[in-house]
Structure formats: structure tokens, C-alpha cells
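Asker: model-v7.cif is reproduced in full below (mmCIF, C-alpha atoms).
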```cif
data_work
loop_
_atom_site.group_PDB
_atom_site.id
_atom_site.type_symbol
_atom_site.label_atom_id
_atom_site.label_comp_id
_atom_site.auth_asym_id
_atom_site.auth_seq_id
_atom_site.Cartn_x
_atom_site.Cartn_y
_atom_site.Cartn_z
ATOM 1 C CA MET A 1 8.188 77.888 67.376
ATOM 2 C CA ALA A 2 5.350 80.405 67.727
ATOM 3 C CA ASP A 3 7.845 83.280 67.582
ATOM 4 C CA THR A 4 9.552 82.006 64.428
ATOM 5 C CA PRO A 5 9.091 84.595 61.659
ATOM 6 C CA ALA A 6 7.432 83.353 58.493
ATOM 7 C CA ILE A 7 6.956 84.594 54.973
ATOM 8 C CA ALA A 8 3.387 84.630 53.739
ATOM 9 C CA ASP A 9 2.650 82.242 50.891
ATOM 10 C CA ARG A 10 2.066 84.018 47.583
ATOM 11 C CA ASN A 11 0.188 81.746 45.213
ATOM 12 C CA LEU A 12 0.767 83.629 41.964
ATOM 13 C CA GLU A 13 -0.414 80.728 39.828
ATOM 14 C CA ALA A 14 -3.935 80.942 41.241
ATOM 15 C CA THR A 15 -4.216 84.740 41.474
ATOM 16 C CA THR A 16 -2.766 85.765 38.104
ATOM 17 C CA ASN A 17 -4.628 83.522 35.663
ATOM 18 C CA ILE A 18 -5.966 85.278 32.539
ATOM 19 C CA SER A 19 -8.158 83.375 30.081
ATOM 20 C CA LEU A 20 -7.572 84.012 26.384
ATOM 21 C CA LYS A 21 -10.463 81.889 25.111
ATOM 22 C CA ARG A 22 -12.625 84.938 24.310
ATOM 23 C CA GLU A 23 -9.690 86.831 22.763
ATOM 24 C CA PRO A 24 -8.296 86.611 19.220
ATOM 25 C CA ALA A 25 -6.459 83.326 18.737
ATOM 26 C CA CYS A 26 -2.863 83.447 20.020
ATOM 27 C CA PHE A 27 -0.140 80.848 19.655
ATOM 28 C CA ALA A 28 3.242 79.860 21.071
ATOM 29 C CA PHE A 29 5.969 78.558 18.774
ATOM 30 C CA LEU A 30 7.378 75.846 21.002
ATOM 31 C CA SER A 31 10.456 74.847 19.011
ATOM 32 C CA ALA A 32 13.454 76.474 17.447
ATOM 33 C CA CYS A 33 12.857 77.654 13.861
ATOM 34 C CA SER A 34 9.168 76.619 14.164
ATOM 35 C CA LEU A 35 9.903 72.928 13.601
ATOM 36 C CA SER A 36 6.763 71.971 15.546
ATOM 37 C CA ALA A 37 3.228 73.163 14.955
ATOM 38 C CA PRO A 38 2.271 76.334 16.894
ATOM 39 C CA MET A 39 0.343 75.642 20.116
ATOM 40 C CA PRO A 40 -2.816 77.669 20.837
ATOM 41 C CA ILE A 41 -2.726 79.605 24.106
ATOM 42 C CA ASP A 42 -5.909 79.256 26.161
ATOM 43 C CA SER A 43 -4.689 81.053 29.283
ATOM 44 C CA ILE A 44 -1.597 82.568 30.860
ATOM 45 C CA ASN A 45 -0.458 82.992 34.457
ATOM 46 C CA LEU A 46 2.592 83.811 36.519
ATOM 47 C CA ASP A 47 4.319 81.396 38.877
ATOM 48 C CA LEU A 48 6.949 81.974 41.562
ATOM 49 C CA ALA A 49 9.723 79.491 40.810
ATOM 50 C CA SER A 50 12.236 80.325 43.557
ATOM 51 C CA ALA A 51 13.201 82.882 46.187
ATOM 52 C CA ASP A 52 16.665 83.081 47.716
ATOM 53 C CA TYR A 53 18.733 85.182 50.069
ATOM 54 C CA PHE A 54 22.460 84.916 49.382
ATOM 55 C CA ASP A 55 25.456 87.104 50.071
ATOM 56 C CA GLY A 56 23.382 89.865 51.594
ATOM 57 C CA ARG A 57 20.867 90.040 48.751
ATOM 58 C CA ALA A 58 17.310 88.814 48.299
ATOM 59 C CA SER A 59 16.374 87.603 44.830
ATOM 60 C CA LEU A 60 13.581 85.680 43.168
ATOM 61 C CA TRP A 61 12.724 83.968 39.913
ATOM 62 C CA ALA A 62 9.267 83.872 38.360
ATOM 63 C CA ALA A 63 7.832 82.458 35.157
ATOM 64 C CA LEU A 64 5.183 83.394 32.636
ATOM 65 C CA GLU A 65 3.282 80.193 31.907
ATOM 66 C CA MET A 66 0.724 79.235 29.283
ATOM 67 C CA ARG A 67 -1.899 76.505 29.199
ATOM 68 C CA SER A 68 -3.458 74.882 26.153
ATOM 69 C CA SER A 69 -6.237 72.356 25.665
ATOM 70 C CA VAL A 70 -4.042 70.474 23.191
ATOM 71 C CA ASN A 71 -1.627 69.850 26.072
ATOM 72 C CA ASP A 72 -4.272 68.874 28.661
ATOM 73 C CA ASP A 73 -4.024 72.375 30.182
ATOM 74 C CA SER A 74 -0.642 71.532 31.672
ATOM 75 C CA PRO A 75 1.427 74.624 32.593
ATOM 76 C CA THR A 76 4.230 75.364 30.137
ATOM 77 C CA ALA A 77 6.754 78.080 31.012
ATOM 78 C CA ILE A 78 7.534 80.452 28.137
ATOM 79 C CA LEU A 79 9.535 83.161 29.933
ATOM 80 C CA GLY A 80 11.555 83.186 33.146
ATOM 81 C CA PHE A 81 12.527 86.445 34.802
ATOM 82 C CA ASP A 82 13.654 88.238 37.952
ATOM 83 C CA GLU A 83 11.948 91.016 39.882
ATOM 84 C CA THR A 84 12.996 93.745 37.425
ATOM 85 C CA PHE A 85 11.069 92.414 34.413
ATOM 86 C CA LEU A 86 7.322 92.851 34.923
ATOM 87 C CA ARG A 87 7.123 96.651 34.957
ATOM 88 C CA PRO A 88 9.033 97.357 31.708
ATOM 89 C CA PHE A 89 7.462 94.397 29.884
ATOM 90 C CA THR A 90 3.940 95.541 30.772
ATOM 91 C CA ARG A 91 4.739 99.047 29.564
ATOM 92 C CA ALA A 92 6.269 97.690 26.346
ATOM 93 C CA LEU A 93 3.200 95.515 25.672
ATOM 94 C CA ILE A 94 0.753 98.370 26.227
ATOM 95 C CA GLU A 95 2.772 100.836 24.152
ATOM 96 C CA ALA A 96 3.137 98.396 21.260
ATOM 97 C CA ALA A 97 -0.562 97.495 21.292
ATOM 98 C CA THR A 98 -1.884 101.055 21.613
ATOM 99 C CA THR A 99 0.534 102.880 19.295
ATOM 100 C CA ARG A 100 0.630 100.073 16.687
ATOM 101 C CA ALA A 101 4.397 100.530 16.517
ATOM 102 C CA ALA A 102 7.059 97.896 17.178
ATOM 103 C CA PHE A 103 8.727 98.185 20.582
ATOM 104 C CA ARG A 104 12.254 96.892 21.211
ATOM 105 C CA MET A 105 12.842 96.067 24.864
ATOM 106 C CA THR A 106 16.519 95.857 25.768
ATOM 107 C CA ILE A 107 17.309 93.608 28.734
ATOM 108 C CA LEU A 108 20.220 94.857 30.829
ATOM 109 C CA GLN A 109 22.252 92.060 32.363
ATOM 110 C CA GLU A 110 24.098 92.110 35.680
ATOM 111 C CA PRO A 111 27.318 94.152 35.420
ATOM 112 C CA ARG A 112 30.388 92.024 34.978
ATOM 113 C CA GLY A 113 32.383 91.763 38.135
ATOM 114 C CA SER A 114 29.291 92.111 40.303
ATOM 115 C CA GLY A 115 29.816 88.597 41.641
ATOM 116 C CA SER A 116 26.626 87.296 39.992
ATOM 117 C CA ASP A 117 26.302 85.234 36.832
ATOM 118 C CA ARG A 118 22.506 85.082 36.794
ATOM 119 C CA PHE A 119 20.405 86.248 33.873
ATOM 120 C CA ARG A 120 17.472 88.640 34.143
ATOM 121 C CA VAL A 121 15.227 87.075 31.486
ATOM 122 C CA VAL A 122 15.293 83.735 29.677
ATOM 123 C CA GLU A 123 12.924 82.092 27.202
ATOM 124 C CA TYR A 124 11.854 78.451 27.376
ATOM 125 C CA VAL A 125 10.114 78.410 23.976
ATOM 126 C CA THR A 126 13.028 77.408 21.751
ATOM 127 C CA GLY A 127 15.333 75.939 24.362
ATOM 128 C CA LEU A 128 15.936 75.199 28.016
ATOM 129 C CA GLY A 129 16.353 78.676 29.416
ATOM 130 C CA LYS A 130 18.015 80.668 26.641
ATOM 131 C CA ALA A 131 19.159 84.061 27.951
ATOM 132 C CA LEU A 132 17.675 87.098 26.212
ATOM 133 C CA ASP A 133 19.275 90.430 25.393
ATOM 134 C CA GLU A 134 16.278 91.964 23.640
ATOM 135 C CA LEU A 135 12.570 91.344 23.112
ATOM 136 C CA ILE A 136 10.695 92.735 20.130
ATOM 137 C CA LEU A 137 6.961 93.384 20.478
ATOM 138 C CA GLN A 138 5.428 93.749 17.010
ATOM 139 C CA PRO A 139 1.721 94.662 16.836
ATOM 140 C CA TYR A 140 -0.585 93.355 14.133
ATOM 141 C CA ASP A 141 -4.346 93.663 13.667
ATOM 142 C CA ASN A 142 -5.268 90.808 16.023
ATOM 143 C CA VAL A 143 -2.095 89.939 17.967
ATOM 144 C CA VAL A 144 1.130 91.327 19.373
ATOM 145 C CA LEU A 145 4.003 89.063 18.367
ATOM 146 C CA ILE A 146 6.774 88.707 20.947
ATOM 147 C CA SER A 147 10.109 87.727 19.420
ATOM 148 C CA ALA A 148 13.656 87.305 20.701
ATOM 149 C CA ALA A 149 16.486 89.206 19.017
ATOM 150 C CA THR A 150 19.845 87.432 19.074
ATOM 151 C CA ARG A 151 23.144 88.983 18.079
ATOM 152 C CA LYS A 152 25.186 86.813 15.721
ATOM 153 C CA GLY A 153 28.410 88.259 14.439
ATOM 154 C CA SER A 154 27.733 91.633 12.867
ATOM 155 C CA GLY A 155 23.981 91.023 12.437
ATOM 156 C CA ASN A 156 20.870 90.139 14.405
ATOM 157 C CA THR A 157 18.427 87.261 14.065
ATOM 158 C CA GLU A 158 14.845 87.173 15.325
ATOM 159 C CA GLU A 159 12.968 84.142 16.628
ATOM 160 C CA SER A 160 9.189 84.183 17.105
ATOM 161 C CA LEU A 161 8.238 83.128 20.640
ATOM 162 C CA PHE A 162 4.528 83.691 21.299
ATOM 163 C CA GLN A 163 1.587 86.034 20.715
ATOM 164 C CA LEU A 164 -0.672 88.037 23.029
ATOM 165 C CA PRO A 165 -3.949 89.855 22.262
ATOM 166 C CA PRO A 166 -3.920 93.657 21.754
ATOM 167 C CA THR A 167 -7.547 94.082 22.869
ATOM 168 C CA ASP A 168 -8.611 96.580 25.517
ATOM 169 C CA SER A 169 -10.006 93.826 27.727
ATOM 170 C CA PHE A 170 -6.771 91.844 27.701
ATOM 171 C CA LEU A 171 -4.531 94.881 28.229
ATOM 172 C CA ARG A 172 -6.601 95.937 31.246
ATOM 173 C CA ALA A 173 -6.499 92.417 32.680
ATOM 174 C CA PHE A 174 -2.763 92.076 32.056
ATOM 175 C CA ALA A 175 -1.990 95.469 33.602
ATOM 176 C CA ARG A 176 -4.037 94.622 36.718
ATOM 177 C CA MET A 177 -2.367 91.238 36.989
ATOM 178 C CA ALA A 178 1.142 92.632 36.492
ATOM 179 C CA TYR A 179 0.609 95.414 39.043
ATOM 180 C CA ALA A 180 -0.628 93.010 41.726
ATOM 181 C CA ALA A 181 2.069 90.425 40.974
ATOM 182 C CA ASP A 182 4.846 93.021 40.934
ATOM 183 C CA GLN A 183 3.734 94.315 44.326
ATOM 184 C CA ALA A 184 3.554 90.773 45.727
ATOM 185 C CA LEU A 185 7.049 89.955 44.476
ATOM 186 C CA ARG A 186 8.529 93.152 45.888
ATOM 187 C CA ASP A 187 6.771 92.537 49.208
ATOM 188 C CA LEU A 188 8.333 89.077 49.219
ATOM 189 C CA LEU A 189 11.809 90.545 48.694
ATOM 190 C CA ALA A 190 11.198 93.015 51.532
ATOM 191 C CA ASP A 191 10.041 90.177 53.823
ATOM 192 C CA MET A 192 13.151 88.134 53.015
ATOM 193 C CA GLU A 193 15.441 91.065 53.744
ATOM 194 C CA ARG A 194 13.583 91.800 56.989
ATOM 195 C CA LEU A 195 13.939 88.204 58.144
ATOM 196 C CA ALA A 196 17.621 88.199 57.204
ATOM 197 C CA ARG A 197 18.226 91.328 59.284
ATOM 198 C CA ARG A 198 16.344 89.794 62.198
ATOM 199 C CA ARG A 199 18.406 86.631 61.884
ATOM 200 C CA ASP A 200 21.657 88.604 61.792
ATOM 201 C CA SER A 201 20.596 90.643 64.843
ATOM 202 C CA SER A 202 19.797 87.442 66.756
ATOM 203 C CA ALA A 203 23.166 85.969 65.804
ATOM 204 C CA ASP A 204 25.002 89.067 67.060
ATOM 205 C CA ALA A 205 23.095 89.172 70.337
#
```
What is this structure when it is put down as C-alpha cells?

Answerer:
Amino acid sequence: MADTPAIADRNLEATTNISLKREPACFAFLSACSLSAPMPIDSINLDLASADYFDGRASLWAALEMRSSVNDDSPTAILGFDETFLRPFTRALIEAATTRAAFRMTILQEPRGSGSDRFRVVEYVTGLGKALDELILQPYDNVVLISAATRKGSGNTEESLFQLPPTDSFLRAFARMAYAADQALRDLLADMERLARRRDSSADA
């Protein structure tokens, strides 16, 4: 058993926590069409939900979680995403906050016929894992509002999801967190692929 390869544990929940208590008040709109009262966000963090190797491909699923004192600081997932999401979302957030211009982030899905039916990004705010085609990051004086754009017929509808601070301190903290988490997730994918190759080599021997 000593020679059995292992993948190092990556505790994203503990290493990516960012407190928002000293930032401008931000809220999540945890129901479709804002039927429930907005919930204040006291902190956010990332969490690794799953990691799989199937059909010659390593993949993972992570979540952006929030915690609120009105919910006993229990983790509540607001976005779920694969390994391709963190880099463009971080750039979109920083560009929206620093240029004070709305940023539309298109989410490219897996090509049809690729043998995969998984989504790249889903939101858990208004439903149980609703797939997203586009996120809109709209900056205001004290918050950046993140909304989901949904295509319906010939038009689009927008649903408010949650807010994040546009302050320098938060943007620096988020960029540091995203960089470290992105590297950890990509290292995990590399480890999974390495172990799969080692397993295949052992099976062929």
C-alpha cells in the first residue's frame, strides 16, 4: 500500500474564504423573481464538489459558496462551475469594477456531439442547478451586480443573482484567491491524468 499513488487533498473551503463584513453590504437573491427577501453575504469561498476521470478525460466541479449570519453561517452554493470558469470570471469582475462598464460574459458549452452533456456553469440561486449561457456584471457605486441572461424566444430576460464589492481590497483578495484556486484545480487535473496514465501502464505490463 505504501507504493499506491495518492492525490493530495485540496481544502479549498478553508483556503479561499474572503470576509465581506468590512465591505459595502452585498446580497444574494435566493429565489426566482425575488420572491424571498435578499440574504446578506458575510463571506464567500470556493469548494471542490467532485473530481472524476472518465473516458480518458479528467474533470472537476467546484462551487462558489456564500455564508450569512441570518442562515447560521451555513454554506450556500450560488454558482457551480468546471475548471474553465475562474479565469474569465475573475477578469470580467475586475474589468467591470474598474472600468465602471457592464461586462457580458458568454459561457461556451461543450460542442454537440462531443460525447458530453455536462454544463460549464450553473446557478443555484433561483433553482437547483440552472445552466447559464451568459452572466452580466453590472457595476454600481457600491456593488457589482451579477445577473443571469436567459434567452426566451426572440428576446432575453435577466435575473439578479448576487452582488460583490467593487473595492480595491476585495478585488485584490478575490484575484489572489482565484489565482491560487485555479492553480490548485489545474494541479488536481494533472495529478488525476498522471495517475490514470500510471494505472494504464500497469494494466498493460

Asker: Excluding same-chain residues fewer than 3 positions from segment 52-66 of chain A, what lies within 7 Å of it counting all atoms listed in the file, as an MDAnalysis selection string?

Answerer: chainID A and resid 41 43:49 75:83 189 192:193

Asker: Distance atom CA of Leu108 of chain A-atom CA of Ala180 of chain A, one decimal place?

Answerer: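 These two atoms are separated by 23.6 Å.
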
Asker: Around all the atoms of segment 185-191 of chain A listed in the file, with 6 Å of room on each side, what axis-aligned box do you get, giving centre and edge lengths in Å to one decimal, as AutoDock Vina command-line options?

Answerer:
```
--center_x 9.3 --center_y 91.1 --center_z 49.1 --size_x 17.0 --size_y 16.1 --size_z 21.3
```

Asker: For atom CA of Ser36 of chain A and atom CA of Tyr124 of chain A, determine how far apart the two atoms are, in Å to one decimal place.

Answerer: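 Between these atoms lies a distance of 14.4 Å.
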
Asker: Please measure the separation of atom CA of Ile146 of chain A and atom CA of Ser160 of chain A, giving the value in Å to one decimal.

Answerer: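 Answer for the atom CA of Ile146 of chain A to atom CA of Ser160 of chain A separation: 6.4 Å.
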
Asker: Compile a residue-level contact table for segment 146-203 of chain A against segment 88-102 of chain A at a cut-off of 8 Å, reporting for every qualifying residue the shortest atom pair and its distance in Å to one decimal, with only C-alpha atoms counted, rows ordered by chain and ascending number, as a Markdown table.

Answerer:
```
| residue | atom | partner | partner_atom | distance |
| --- | --- | --- | --- | --- |
| A:Pro166 | CA | A:Ala97 | CA | 5.1 |
| A:Thr167 | CA | A:Ala97 | CA | 7.9 |
| A:Leu171 | CA | A:Ile94 | CA | 6.6 |
| A:Phe174 | CA | A:Thr90 | CA | 7.7 |
| A:Ala175 | CA | A:Thr90 | CA | 6.6 |
| A:Ala178 | CA | A:Thr90 | CA | 7.0 |
```

Asker: Counting all atoms listed in the file, figure out which residue out of A:Ala196, A:Leu86, A:Cys26, A:Val144 gets nearest to Arg176 of chain A.

Answerer: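 Distance minimum relative to Arg176 of chain A lands on A:Leu86.
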
Asker: Take the point (20.3, 82.9, 29.8) as written in the file and pick out every residue within 7 Å of it, counting all atoms listed in the file; give the list as a ChimeraX atom specification.

Answerer: /A:119,121-122,129-132

Asker: Compare A:Gln163, A:Thr157, A:Thr106, A:Ser147 by their minimum atom-to-atom distance to Met39 of chain A, counting all atoms listed in the file, and give me the closest one.

Answerer: A:Gln163

Asker: Using only C-alpha atoms, pick whichever of A:Arg197, A:Leu188, A:Pro165, A:Asp133 has the shortest atom-to-atom distance to Ser19 of chain A.

Answerer: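 Among the listed residues, A:Pro165 lies closest to Ser19 of chain A.
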
Asker: Starting from the shown file, work through the PyMOL selection byres ((chain A and resi 105) around 6) and note down what comes out as a ChimeraX atom specification.

Answerer: /A:104,106,134-135
